[in-house]
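A.B. asks: Take a look at coords-v1.pdb, PDB, C-alpha atoms:
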ATOM      1  CA  MET V 286     -23.390  17.443  -6.430
ATOM      2  CA  ILE V 287     -26.489  17.035  -8.608
ATOM      3  CA  ILE V 288     -26.329  18.526 -12.095
ATOM      4  CA  ASP V 289     -29.460  18.529 -14.248
ATOM      5  CA  PHE V 290     -28.099  18.379 -17.798
ATOM      6  CA  HIS V 291     -31.387  19.044 -19.605
ATOM      7  CA  THR V 292     -33.591  22.018 -18.729
ATOM      8  CA  HIS V 293     -35.163  24.869 -20.678
ATOM      9  CA  ILE V 294     -35.856  28.522 -19.944
ATOM     10  CA  PHE V 295     -37.356  31.224 -22.149
ATOM     11  CA  PRO V 296     -37.765  35.000 -21.917
ATOM     12  CA  PRO V 297     -40.861  35.991 -19.898
ATOM     13  CA  GLU V 298     -42.594  37.523 -22.924
ATOM     14  CA  MET V 299     -42.776  34.097 -24.559
ATOM     15  CA  ARG V 300     -45.459  33.116 -22.099
ATOM     16  CA  ASP V 301     -47.865  35.298 -24.020
ATOM     17  CA  ARG V 302     -49.223  32.749 -26.461
ATOM     18  CA  ARG V 303     -50.706  35.544 -28.564
ATOM     19  CA  GLN V 304     -47.224  36.614 -29.622
ATOM     20  CA  GLY V 305     -45.741  35.639 -32.975
ATOM     21  CA  TYR V 306     -43.591  32.776 -31.707
ATOM     22  CA  MET V 307     -46.538  30.408 -31.961
ATOM     23  CA  GLN V 308     -47.143  31.345 -35.575
ATOM     24  CA  ASP V 309     -43.519  31.761 -36.637
ATOM     25  CA  ASP V 310     -41.998  28.531 -35.314
ATOM     26  CA  ALA V 311     -43.679  25.179 -35.858
ATOM     27  CA  LEU V 312     -41.746  23.378 -33.105
ATOM     28  CA  PHE V 313     -42.428  26.030 -30.470
ATOM     29  CA  SER V 314     -46.093  25.956 -31.412
ATOM     30  CA  GLU V 315     -46.228  22.165 -31.143
ATOM     31  CA  LEU V 316     -44.579  22.183 -27.726
ATOM     32  CA  PHE V 317     -46.190  25.202 -26.094
ATOM     33  CA  SER V 318     -49.462  26.107 -27.774
ATOM     34  CA  SER V 319     -51.355  24.324 -25.008
ATOM     35  CA  PRO V 320     -51.903  26.527 -21.911
ATOM     36  CA  LYS V 321     -50.904  23.480 -19.849
ATOM     37  CA  ALA V 322     -47.377  23.503 -21.300
ATOM     38  CA  ARG V 323     -45.123  25.173 -18.751
ATOM     39  CA  ILE V 324     -42.661  27.889 -19.764
ATOM     40  CA  ALA V 325     -40.094  28.749 -17.092
ATOM     41  CA  THR V 326     -38.005  31.846 -16.520
ATOM     42  CA  ALA V 327     -34.581  31.810 -14.881
ATOM     43  CA  GLU V 328     -36.074  32.710 -11.525
ATOM     44  CA  GLU V 329     -38.596  29.889 -11.687
ATOM     45  CA  MET V 330     -35.891  27.463 -12.763
ATOM     46  CA  THR V 331     -33.670  28.200  -9.789
ATOM     47  CA  SER V 332     -36.648  27.987  -7.445
ATOM     48  CA  SER V 333     -37.592  24.544  -8.775
ATOM     49  CA  MET V 334     -33.959  23.462  -8.460
ATOM     50  CA  ASP V 335     -34.015  24.416  -4.785
ATOM     51  CA  GLU V 336     -37.183  22.394  -4.252
ATOM     52  CA  ALA V 337     -35.649  19.312  -5.910
ATOM     53  CA  GLY V 338     -32.175  19.621  -4.392
ATOM     54  CA  VAL V 339     -30.470  20.261  -7.729
ATOM     55  CA  ASP V 340     -27.217  22.222  -7.477
ATOM     56  CA  LEU V 341     -26.643  23.196 -11.114
ATOM     57  CA  SER V 342     -28.689  23.058 -14.301
ATOM     58  CA  VAL V 343     -27.662  23.182 -17.937
ATOM     59  CA  ILE V 344     -30.129  25.607 -19.501
ATOM     60  CA  LEU V 345     -30.773  24.690 -23.100
ATOM     61  CA  ASN V 346     -32.230  26.742 -25.880
ATOM     62  CA  ALA V 347     -34.491  25.256 -28.558
ATOM     63  CA  GLY V 348     -34.103  24.326 -32.215
ATOM     64  CA  TRP V 349     -35.460  27.543 -33.731
ATOM     65  CA  ALA V 350     -36.085  27.622 -37.455
ATOM     66  CA  ARG V 351     -35.110  31.301 -37.744
ATOM     67  CA  HIS V 352     -31.661  32.673 -36.968
ATOM     68  CA  GLU V 353     -33.213  35.771 -35.364
ATOM     69  CA  ASP V 354     -35.075  33.656 -32.804
ATOM     70  CA  CYS V 355     -31.868  31.862 -31.895
ATOM     71  CA  VAL V 356     -30.179  35.196 -31.217
ATOM     72  CA  ARG V 357     -33.069  36.579 -29.169
ATOM     73  CA  THR V 358     -33.326  33.561 -26.891
ATOM     74  CA  ASN V 359     -29.555  33.146 -26.621
ATOM     75  CA  ASP V 360     -29.467  36.672 -25.224
ATOM     76  CA  TYR V 361     -31.814  35.695 -22.412
ATOM     77  CA  ILE V 362     -29.979  32.470 -21.593
ATOM     78  CA  LEU V 363     -26.594  34.192 -21.428
ATOM     79  CA  GLU V 364     -28.013  37.012 -19.303
ATOM     80  CA  ALA V 365     -29.705  34.528 -16.943
ATOM     81  CA  ALA V 366     -26.517  32.522 -16.495
ATOM     82  CA  ALA V 367     -24.604  35.726 -15.751
ATOM     83  CA  ARG V 368     -27.128  36.496 -12.983
ATOM     84  CA  TYR V 369     -26.939  32.962 -11.559
ATOM     85  CA  PRO V 370     -23.369  31.876 -12.333
ATOM     86  CA  LYS V 371     -23.299  29.251  -9.585
ATOM     87  CA  ARG V 372     -26.604  27.672 -10.623
ATOM     88  CA  LEU V 373     -27.067  27.887 -14.408
ATOM     89  CA  ILE V 374     -24.803  26.644 -17.220
ATOM     90  CA  PRO V 375     -25.706  28.193 -20.588
ATOM     91  CA  PHE V 376     -26.019  26.382 -23.910
ATOM     92  CA  CYS V 377     -26.902  28.267 -27.081
ATOM     93  CA  ALA V 378     -28.841  27.526 -30.259
ATOM     94  CA  VAL V 379     -27.874  28.262 -33.841
ATOM     95  CA  GLN V 380     -29.488  27.741 -37.224
ATOM     96  CA  PRO V 381     -26.700  26.066 -39.247
ATOM     97  CA  ARG V 382     -28.379  27.033 -42.511
ATOM     98  CA  ALA V 383     -27.645  30.693 -41.635
ATOM     99  CA  GLY V 384     -24.008  30.072 -42.604
ATOM    100  CA  GLU V 385     -21.584  32.794 -41.535
ATOM    101  CA  ALA V 386     -24.250  34.430 -39.358
ATOM    102  CA  ALA V 387     -24.570  31.177 -37.381
ATOM    103  CA  LEU V 388     -20.806  30.971 -36.897
ATOM    104  CA  ALA V 389     -20.661  34.590 -35.711
ATOM    105  CA  GLU V 390     -23.509  33.927 -33.295
ATOM    106  CA  LEU V 391     -21.761  30.859 -31.940
ATOM    107  CA  GLU V 392     -18.565  32.830 -31.340
ATOM    108  CA  ARG V 393     -20.589  35.579 -29.634
ATOM    109  CA  CYS V 394     -22.207  33.042 -27.328
ATOM    110  CA  VAL V 395     -18.839  31.528 -26.437
ATOM    111  CA  ARG V 396     -17.633  34.996 -25.412
ATOM    112  CA  GLY V 397     -20.792  35.270 -23.318
ATOM    113  CA  GLY V 398     -20.032  32.059 -21.451
ATOM    114  CA  ALA V 399     -21.834  29.325 -23.426
ATOM    115  CA  ARG V 400     -20.500  25.837 -22.726
ATOM    116  CA  GLY V 401     -22.380  24.015 -25.438
ATOM    117  CA  ILE V 402     -24.840  24.009 -28.312
ATOM    118  CA  GLY V 403     -28.350  22.681 -27.893
ATOM    119  CA  GLU V 404     -30.983  21.423 -27.841
ATOM    120  CA  MET V 405     -30.600  21.194 -31.601
ATOM    121  CA  ARG V 406     -33.443  19.924 -33.795
ATOM    122  CA  SER V 407     -32.195  19.060 -37.257
ATOM    123  CA  ASP V 408     -35.593  17.649 -38.212
ATOM    124  CA  THR V 409     -37.514  20.874 -37.644
ATOM    125  CA  GLN V 410     -34.593  23.234 -38.374
ATOM    126  CA  GLY V 411     -34.256  21.700 -41.815
ATOM    127  CA  PHE V 412     -30.670  20.477 -42.037
ATOM    128  CA  ASP V 413     -28.838  17.164 -42.166
ATOM    129  CA  LEU V 414     -26.674  16.484 -39.103
ATOM    130  CA  ALA V 415     -24.176  14.562 -41.209
ATOM    131  CA  ASP V 416     -23.900  17.212 -43.953
ATOM    132  CA  LYS V 417     -20.223  18.179 -43.843
ATOM    133  CA  GLN V 418     -20.772  21.354 -45.818
ATOM    134  CA  VAL V 419     -23.426  22.678 -43.416
ATOM    135  CA  MET V 420     -22.276  21.163 -40.136
ATOM    136  CA  GLY V 421     -18.528  21.075 -40.675
ATOM    137  CA  PRO V 422     -17.968  24.775 -39.835
ATOM    138  CA  ILE V 423     -20.236  24.512 -36.768
ATOM    139  CA  VAL V 424     -18.339  21.471 -35.516
ATOM    140  CA  GLU V 425     -15.007  23.205 -36.175
ATOM    141  CA  VAL V 426     -15.989  26.098 -33.884
ATOM    142  CA  ALA V 427     -17.340  23.663 -31.314
ATOM    143  CA  ARG V 428     -14.085  21.697 -31.280
ATOM    144  CA  LYS V 429     -12.017  24.888 -31.073
ATOM    145  CA  HIS V 430     -13.851  25.982 -27.921
ATOM    146  CA  ASN V 431     -14.467  22.512 -26.425
ATOM    147  CA  LEU V 432     -18.213  22.953 -26.743
ATOM    148  CA  ILE V 433     -20.637  20.106 -26.123
ATOM    149  CA  PHE V 434     -23.225  19.421 -28.819
ATOM    150  CA  LEU V 435     -26.622  18.316 -27.486
ATOM    151  CA  THR V 436     -29.228  17.075 -29.917
ATOM    152  CA  HIS V 437     -32.789  15.923 -29.527
ATOM    153  CA  ALA V 438     -33.416  12.234 -30.178
ATOM    154  CA  SER V 439     -36.520  10.094 -30.481
ATOM    155  CA  GLU V 440     -37.503   6.462 -30.767
ATOM    156  CA  PRO V 441     -38.537   4.957 -34.124
ATOM    157  CA  VAL V 442     -41.328   3.073 -32.318
ATOM    158  CA  GLY V 443     -43.678   3.722 -29.412
ATOM    159  CA  HIS V 444     -46.246   6.379 -28.651
ATOM    160  CA  LEU V 445     -46.381   9.826 -30.183
ATOM    161  CA  TYR V 446     -45.982  12.938 -28.053
ATOM    162  CA  PRO V 447     -45.607  16.667 -28.757
ATOM    163  CA  GLY V 448     -42.159  17.344 -30.129
ATOM    164  CA  LYS V 449     -41.189  13.689 -30.625
ATOM    165  CA  GLY V 450     -39.782  14.412 -34.058
ATOM    166  CA  MET V 451     -37.741  12.259 -36.402
ATOM    167  CA  ILE V 452     -34.146  12.254 -35.079
ATOM    168  CA  ARG V 453     -33.743   8.512 -34.856
ATOM    169  CA  PRO V 454     -30.748   6.324 -33.869
ATOM    170  CA  ALA V 455     -29.678   5.865 -37.494
ATOM    171  CA  THR V 456     -29.523   9.651 -37.984
ATOM    172  CA  LEU V 457     -27.549  10.087 -34.778
ATOM    173  CA  TYR V 458     -25.132   7.297 -35.653
ATOM    174  CA  GLN V 459     -24.386   8.833 -39.045
ATOM    175  CA  PHE V 460     -23.715  12.190 -37.349
ATOM    176  CA  ILE V 461     -21.445  10.595 -34.757
ATOM    177  CA  CYS V 462     -19.461   8.730 -37.408
ATOM    178  CA  THR V 463     -19.109  11.869 -39.529
ATOM    179  CA  PHE V 464     -17.719  13.913 -36.621
ATOM    180  CA  PRO V 465     -16.097  11.294 -34.362
ATOM    181  CA  GLU V 466     -14.125  13.699 -32.162
ATOM    182  CA  LEU V 467     -17.092  15.882 -31.200
ATOM    183  CA  ASN V 468     -18.502  15.473 -27.692
ATOM    184  CA  ILE V 469     -22.159  14.692 -28.387
ATOM    185  CA  VAL V 470     -25.028  14.361 -25.933
ATOM    186  CA  CYS V 471     -28.066  12.558 -27.296
ATOM    187  CA  ALA V 472     -31.139  13.651 -25.363
ATOM    188  CA  HIS V 473     -33.841  11.279 -24.109
ATOM    189  CA  TRP V 474     -31.530   8.244 -24.046
ATOM    190  CA  GLY V 475     -30.646   8.784 -27.708
ATOM    191  CA  GLY V 476     -33.935   7.320 -28.862
ATOM    192  CA  GLY V 477     -32.570   3.859 -27.964
ATOM    193  CA  LEU V 478     -29.137   4.301 -29.559
ATOM    194  CA  PRO V 479     -27.267   2.898 -26.497
ATOM    195  CA  PHE V 480     -28.769  -0.539 -27.097
ATOM    196  CA  TYR V 481     -27.017  -0.727 -30.476
ATOM    197  CA  ALA V 482     -23.726  -0.551 -28.571
ATOM    198  CA  LEU V 483     -24.139  -4.312 -28.144
ATOM    199  CA  MET V 484     -22.805  -4.354 -31.719
ATOM    200  CA  PRO V 485     -18.987  -4.075 -31.411
ATOM    201  CA  GLU V 486     -18.551  -1.803 -34.447
ATOM    202  CA  VAL V 487     -21.195   0.571 -33.099
ATOM    203  CA  ALA V 488     -19.728   0.594 -29.600
ATOM    204  CA  SER V 489     -16.315   1.596 -30.935
ATOM    205  CA  ALA V 490     -17.825   4.608 -32.720
ATOM    206  CA  LEU V 491     -19.589   5.937 -29.622
ATOM    207  CA  SER V 492     -16.557   6.842 -27.514
ATOM    208  CA  HIS V 493     -17.494  10.548 -27.413
ATOM    209  CA  THR V 494     -21.242  10.020 -27.069
ATOM    210  CA  PHE V 495     -23.313  10.552 -23.917
ATOM    211  CA  TYR V 496     -27.011  10.123 -23.182
ATOM    212  CA  ASP V 497     -29.209  12.298 -21.014
ATOM    213  CA  THR V 498     -32.211  10.990 -19.121
ATOM    214  CA  ALA V 499     -34.624  13.846 -19.841
ATOM    215  CA  ALA V 500     -38.323  12.962 -19.518
ATOM    216  CA  THR V 501     -37.584   9.300 -18.719
ATOM    217  CA  PRO V 502     -40.928   8.711 -16.914
ATOM    218  CA  PHE V 503     -42.731   9.591 -20.156
ATOM    219  CA  LEU V 504     -40.638   7.150 -22.174
ATOM    220  CA  TYR V 505     -39.242   4.141 -20.298
ATOM    221  CA  ARG V 506     -39.529   2.030 -17.183
ATOM    222  CA  PRO V 507     -36.926   2.860 -14.500
ATOM    223  CA  GLU V 508     -34.974  -0.288 -15.410
ATOM    224  CA  ILE V 509     -33.476   1.609 -18.330
ATOM    225  CA  PHE V 510     -30.928   3.137 -15.953
ATOM    226  CA  LYS V 511     -29.470  -0.282 -15.149
ATOM    227  CA  GLN V 512     -29.809  -1.582 -18.697
ATOM    228  CA  VAL V 513     -27.929   1.320 -20.280
ATOM    229  CA  ALA V 514     -25.363   1.392 -17.470
ATOM    230  CA  GLU V 515     -24.623  -2.278 -18.173
ATOM    231  CA  THR V 516     -24.521  -1.760 -21.945
ATOM    232  CA  VAL V 517     -22.427   1.423 -22.356
ATOM    233  CA  GLY V 518     -21.313   2.094 -18.774
ATOM    234  CA  PRO V 519     -22.642   4.431 -16.068
ATOM    235  CA  ASP V 520     -19.963   6.934 -17.061
ATOM    236  CA  ARG V 521     -21.914   7.776 -20.244
ATOM    237  CA  ILE V 522     -25.244   8.700 -18.623
ATOM    238  CA  LEU V 523     -26.133  12.285 -17.678
ATOM    239  CA  PHE V 524     -28.990  13.002 -15.305
ATOM    240  CA  GLY V 525     -31.485  15.285 -17.033
ATOM    241  CA  SER V 526     -35.115  16.051 -16.273
ATOM    242  CA  ASP V 527     -36.505  18.321 -19.029
ATOM    243  CA  ASN V 528     -37.520  20.777 -16.309
ATOM    244  CA  PRO V 529     -40.056  22.519 -16.414
ATOM    245  CA  LEU V 530     -41.778  19.853 -18.517
ATOM    246  CA  MET V 531     -41.070  17.518 -15.630
ATOM    247  CA  SER V 532     -39.895  18.015 -12.061
ATOM    248  CA  PRO V 533     -36.360  16.739 -11.477
ATOM    249  CA  ARG V 534     -37.722  14.877  -8.458
ATOM    250  CA  ARG V 535     -39.507  12.369 -10.710
ATOM    251  CA  VAL V 536     -36.332  11.360 -12.516
ATOM    252  CA  LEU V 537     -34.317  11.402  -9.286
ATOM    253  CA  ALA V 538     -36.843   8.994  -7.786
ATOM    254  CA  GLN V 539     -36.261   6.633 -10.716
ATOM    255  CA  VAL V 540     -32.500   6.746 -10.199
ATOM    256  CA  GLU V 541     -32.967   5.818  -6.545
ATOM    257  CA  SER V 542     -35.432   3.028  -7.273
ATOM    258  CA  VAL V 543     -33.391   0.629  -9.394
ATOM    259  CA  GLY V 544     -30.538  -0.445  -7.106
ATOM    260  CA  LEU V 545     -27.608   1.263  -8.792
ATOM    261  CA  SER V 546     -24.338   1.295  -6.883
ATOM    262  CA  GLU V 547     -23.436   4.479  -5.051
ATOM    263  CA  GLU V 548     -20.536   4.953  -7.452
ATOM    264  CA  ALA V 549     -22.815   4.665 -10.493
ATOM    265  CA  LYS V 550     -25.359   7.066  -8.991
ATOM    266  CA  ALA V 551     -22.640   9.613  -8.257
ATOM    267  CA  MET V 552     -21.481   9.438 -11.877
ATOM    268  CA  ILE V 553     -24.972   9.814 -13.318
ATOM    269  CA  LEU V 554     -26.158  12.571 -10.989
ATOM    270  CA  GLY V 555     -23.179  14.865 -11.424
ATOM    271  CA  GLY V 556     -19.777  13.265 -11.841
ATOM    272  CA  ASN V 557     -20.109  12.616 -15.563
ATOM    273  CA  ALA V 558     -21.346  16.149 -16.176
ATOM    274  CA  GLN V 559     -18.401  17.618 -14.296
ATOM    275  CA  ARG V 560     -15.988  15.504 -16.334
ATOM    276  CA  LEU V 561     -17.654  16.404 -19.630
ATOM    277  CA  LEU V 562     -17.590  20.096 -18.731
ATOM    278  CA  GLY V 563     -13.894  19.826 -17.875
ATOM    279  CA  TRP V 564     -14.293  20.525 -14.159
ATOM    280  CA  SER V 565     -12.098  18.906 -11.537
TER     281      SER V 565
END
Rewrite the structure of this file - the entire thing - as structure tokens.
C.D. replies:
Amino acid sequence: MIIDFHTHIFPPEMRDRRQGYMQDDALFSELFSSPKARIATAEEMTSSMDEAGVDLSVILNAGWARHEDCVRTNDYILEAAARYPKRLIPFCAVQPRAGEAALAELERCVRGGARGIGEMRSDTQGFDLADKQVMGPIVEVARKHNLIFLTHASEPVGHLYPGKGMIRPATLYQFICTFPELNIVCAHWGGGLPFYALMPEVASALSHTFYDTAATPFLYRPEIFKQVAETVGPDRILFGSDNPLMSPRRVLAQVESVGLSEEAKAMILGGNAQRLLGWS
């Protein structure tokens, strides 16, 4: 089974770049103001999954600055997953600074079938991941319902790209240490965080941390699959594409190209996701 742990869908009306989303949300504008930036609906997502041979996809929301935008897009994600229950796994977004409204929205999404929170963007949403006062209640609800927390991550070096942001390994590590029992997925290889697991004290803190492979061809050579598998173990890597930004086939080709064992490939392509989601 192949599970793509990092994809995005949006309501069809968001394709109209004349609408207020471009003006109201700086991150959405940065990512999608260009007509070349693809925005996929649920139907287009499942079609692209069929073309790539992907069985299931985690459909992520985005790190909206406004609580109201989180609610609106959560509605679409939950509705899409209800229409395609054997293909789409819903994650929801919240604005932690909304306080009780964010907690109520998170509970509503859990009732609607959400399995996680993400893709969160503390840098553009304006909160500190390690702030116990802001994030503590969110994490408490997540732990209560066994939700997975998926956050964007980016490298402190290298080329710039739309949406790169400022969620660096040091920020992630502080978050992980503040909430050590939370199951955390760091997108885009955690901005290089796995390499710090060569430090014993760091490795011991990362026992509940996973890394998705979204947009790897934009970021790293294919050898990263073997390097991270050797450093933190293949059981901590989740295949993700960032579909529709990138076809899953490109990342799948990388997985096949580096000589991983069949056991390691099975873990990365779906086994780890099933275990993290609590499926037998």
A.B. asks: Skip Pro454 in chain V itself and residues of its chain fewer than 4 positions away, then list as a list in words all residues within 8 Å of it, counting all atoms listed in the file.
C.D. replies: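 After dropping sequence-adjacent residues, the list is Ala438, Ser439, Glu440, Pro441, Tyr458, Gly475, Gly476, Gly477 and Leu478 of chain V.
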A.B. asks: Counting only C-alpha atoms, which residue out of V:Gly555, V:Gly411, V:Gly384, V:Pro375 sits closest to Pro519 in chain V?
C.D. replies: V:Gly555
A.B. asks: For the structure shown, which residues end up in the PyMOL selection byres ((chain V and resi 508) around 10)? Put them as a ChimeraX atom specification, please?
C.D. replies: /V:505-507,509-514,539-540,542-544
A.B. asks: Which is closer to Tyr446 in chain V than all the others in V:Leu316, V:Pro465, V:Met286, V:Ala347, using only C-alpha atoms?
C.D. replies: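 Using only C-alpha atoms, the shortest distance to Tyr446 in chain V belongs to V:Leu316.
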A.B. asks: Measuring atom to atom with all atoms listed in the file, identify which of V:Arg396, V:Lys321, V:Arg560, V:Arg351 is nearest to Arg300 in chain V.
C.D. replies: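 That would be V:Lys321, the residue with the smallest distance to Arg300 in chain V.
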A.B. asks: Residues around (-30.1, 32.1, -18.0), cut-off 10 Å, counting all atoms listed in the file - what are they as a PyMOL selection string?
C.D. replies: chain V and resi 293-296+326-328+330-331+342-346+358-370+372-376
A.B. asks: On this structure, which residues satisfy the PyMOL selection byres ((chain V and resi 435) around 6), written as a list in words?
C.D. replies: Gly403, Glu404, Phe434, Thr436, Ile469, Val470 and Cys471 of chain V
A.B. asks: With C-alpha atoms retained, could you export that selection as a short mmCIF file (atom, residue, chain, number, x, y, z; two decimals), in the frame of the given file?
C.D. replies:
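Wrote selection.cif, looks like this:
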data_model
loop_
_atom_site.label_atom_id
_atom_site.label_comp_id
_atom_site.auth_asym_id
_atom_site.auth_seq_id
_atom_site.Cartn_x
_atom_site.Cartn_y
_atom_site.Cartn_z
CA GLY V 403 -28.35 22.68 -27.89
CA GLU V 404 -30.98 21.42 -27.84
CA PHE V 434 -23.22 19.42 -28.82
CA THR V 436 -29.23 17.08 -29.92
CA ILE V 469 -22.16 14.69 -28.39
CA VAL V 470 -25.03 14.36 -25.93
CA CYS V 471 -28.07 12.56 -27.30
#
A.B. asks: Here is a test: counting only C-alpha atoms, which residue of V:Arg382, V:Arg323, V:His444, V:His493 is nearest to Gln418 in chain V?
C.D. replies: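 Of all the options, V:Arg382 lies closest to Gln418 in chain V.
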A.B. asks: Hey, can you check how far CA of Ser526 in chain V sits from CA of His291 in chain V?
C.D. replies: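 Separation between CA of Ser526 in chain V and CA of His291 in chain V: 5.8 Å.
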A.B. asks: CA of Leu457 in chain V and CA of Ala311 in chain V, how far apart in Å?
C.D. replies: 22.1 Å
A.B. asks: In Å, with one decimal, what is the gap from CA of Ile402 in chain V to CA of Met552 in chain V?
C.D. replies: 22.2 Å
A.B. asks: List, as a PyMOL selection string, every residue that the PyMOL selection byres ((chain V and resi 530) around 12) selects in the file provided.
C.D. replies: chain V and resi 291-294+316-317+321-325+330+333+447-448+499-503+525-529+531-536
A.B. asks: Go ahead and fit an axis-aligned box to every listed atom of range 323-334 of chain V plus 5 Å each side, and pass me the centre and edge lengths in Å, one decimal, as JSON.
C.D. replies:
{"center_x": -39.4, "center_y": 28.1, "center_z": -13.6, "size_x": 21.5, "size_y": 19.2, "size_z": 22.3}
A.B. asks: In terms of the shortest atom-to-atom distance over only C-alpha atoms, which of V:Ile461, V:Val419, V:Ala350, V:Leu504 is closest to Ala488 in chain V?
C.D. replies: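 Smallest distance to Ala488 in chain V is found for V:Ile461.
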A.B. asks: Pick from V:Val426, V:Met484, V:Gln410, V:Ala538: nearest to Met451 in chain V, with all atoms listed in the file counted?
C.D. replies: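 So, comparing all the options, the nearest one is V:Gln410.
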A.B. asks: Could you give me, as a list in words, the residues that have an atom at most 10 Å away from the point (-30.8, 20.3, -39.8) in the coordinates of the file, using all atoms listed in the file?
C.D. replies: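 The distance filter leaves exactly Gly348, Ala350, Gln380, Pro381, Arg382, Met405, Arg406, Ser407, Asp408, Thr409, Gln410, Gly411, Phe412, Asp413, Leu414, Ala415, Asp416, Val419, Met420 and Ile452 of chain V.
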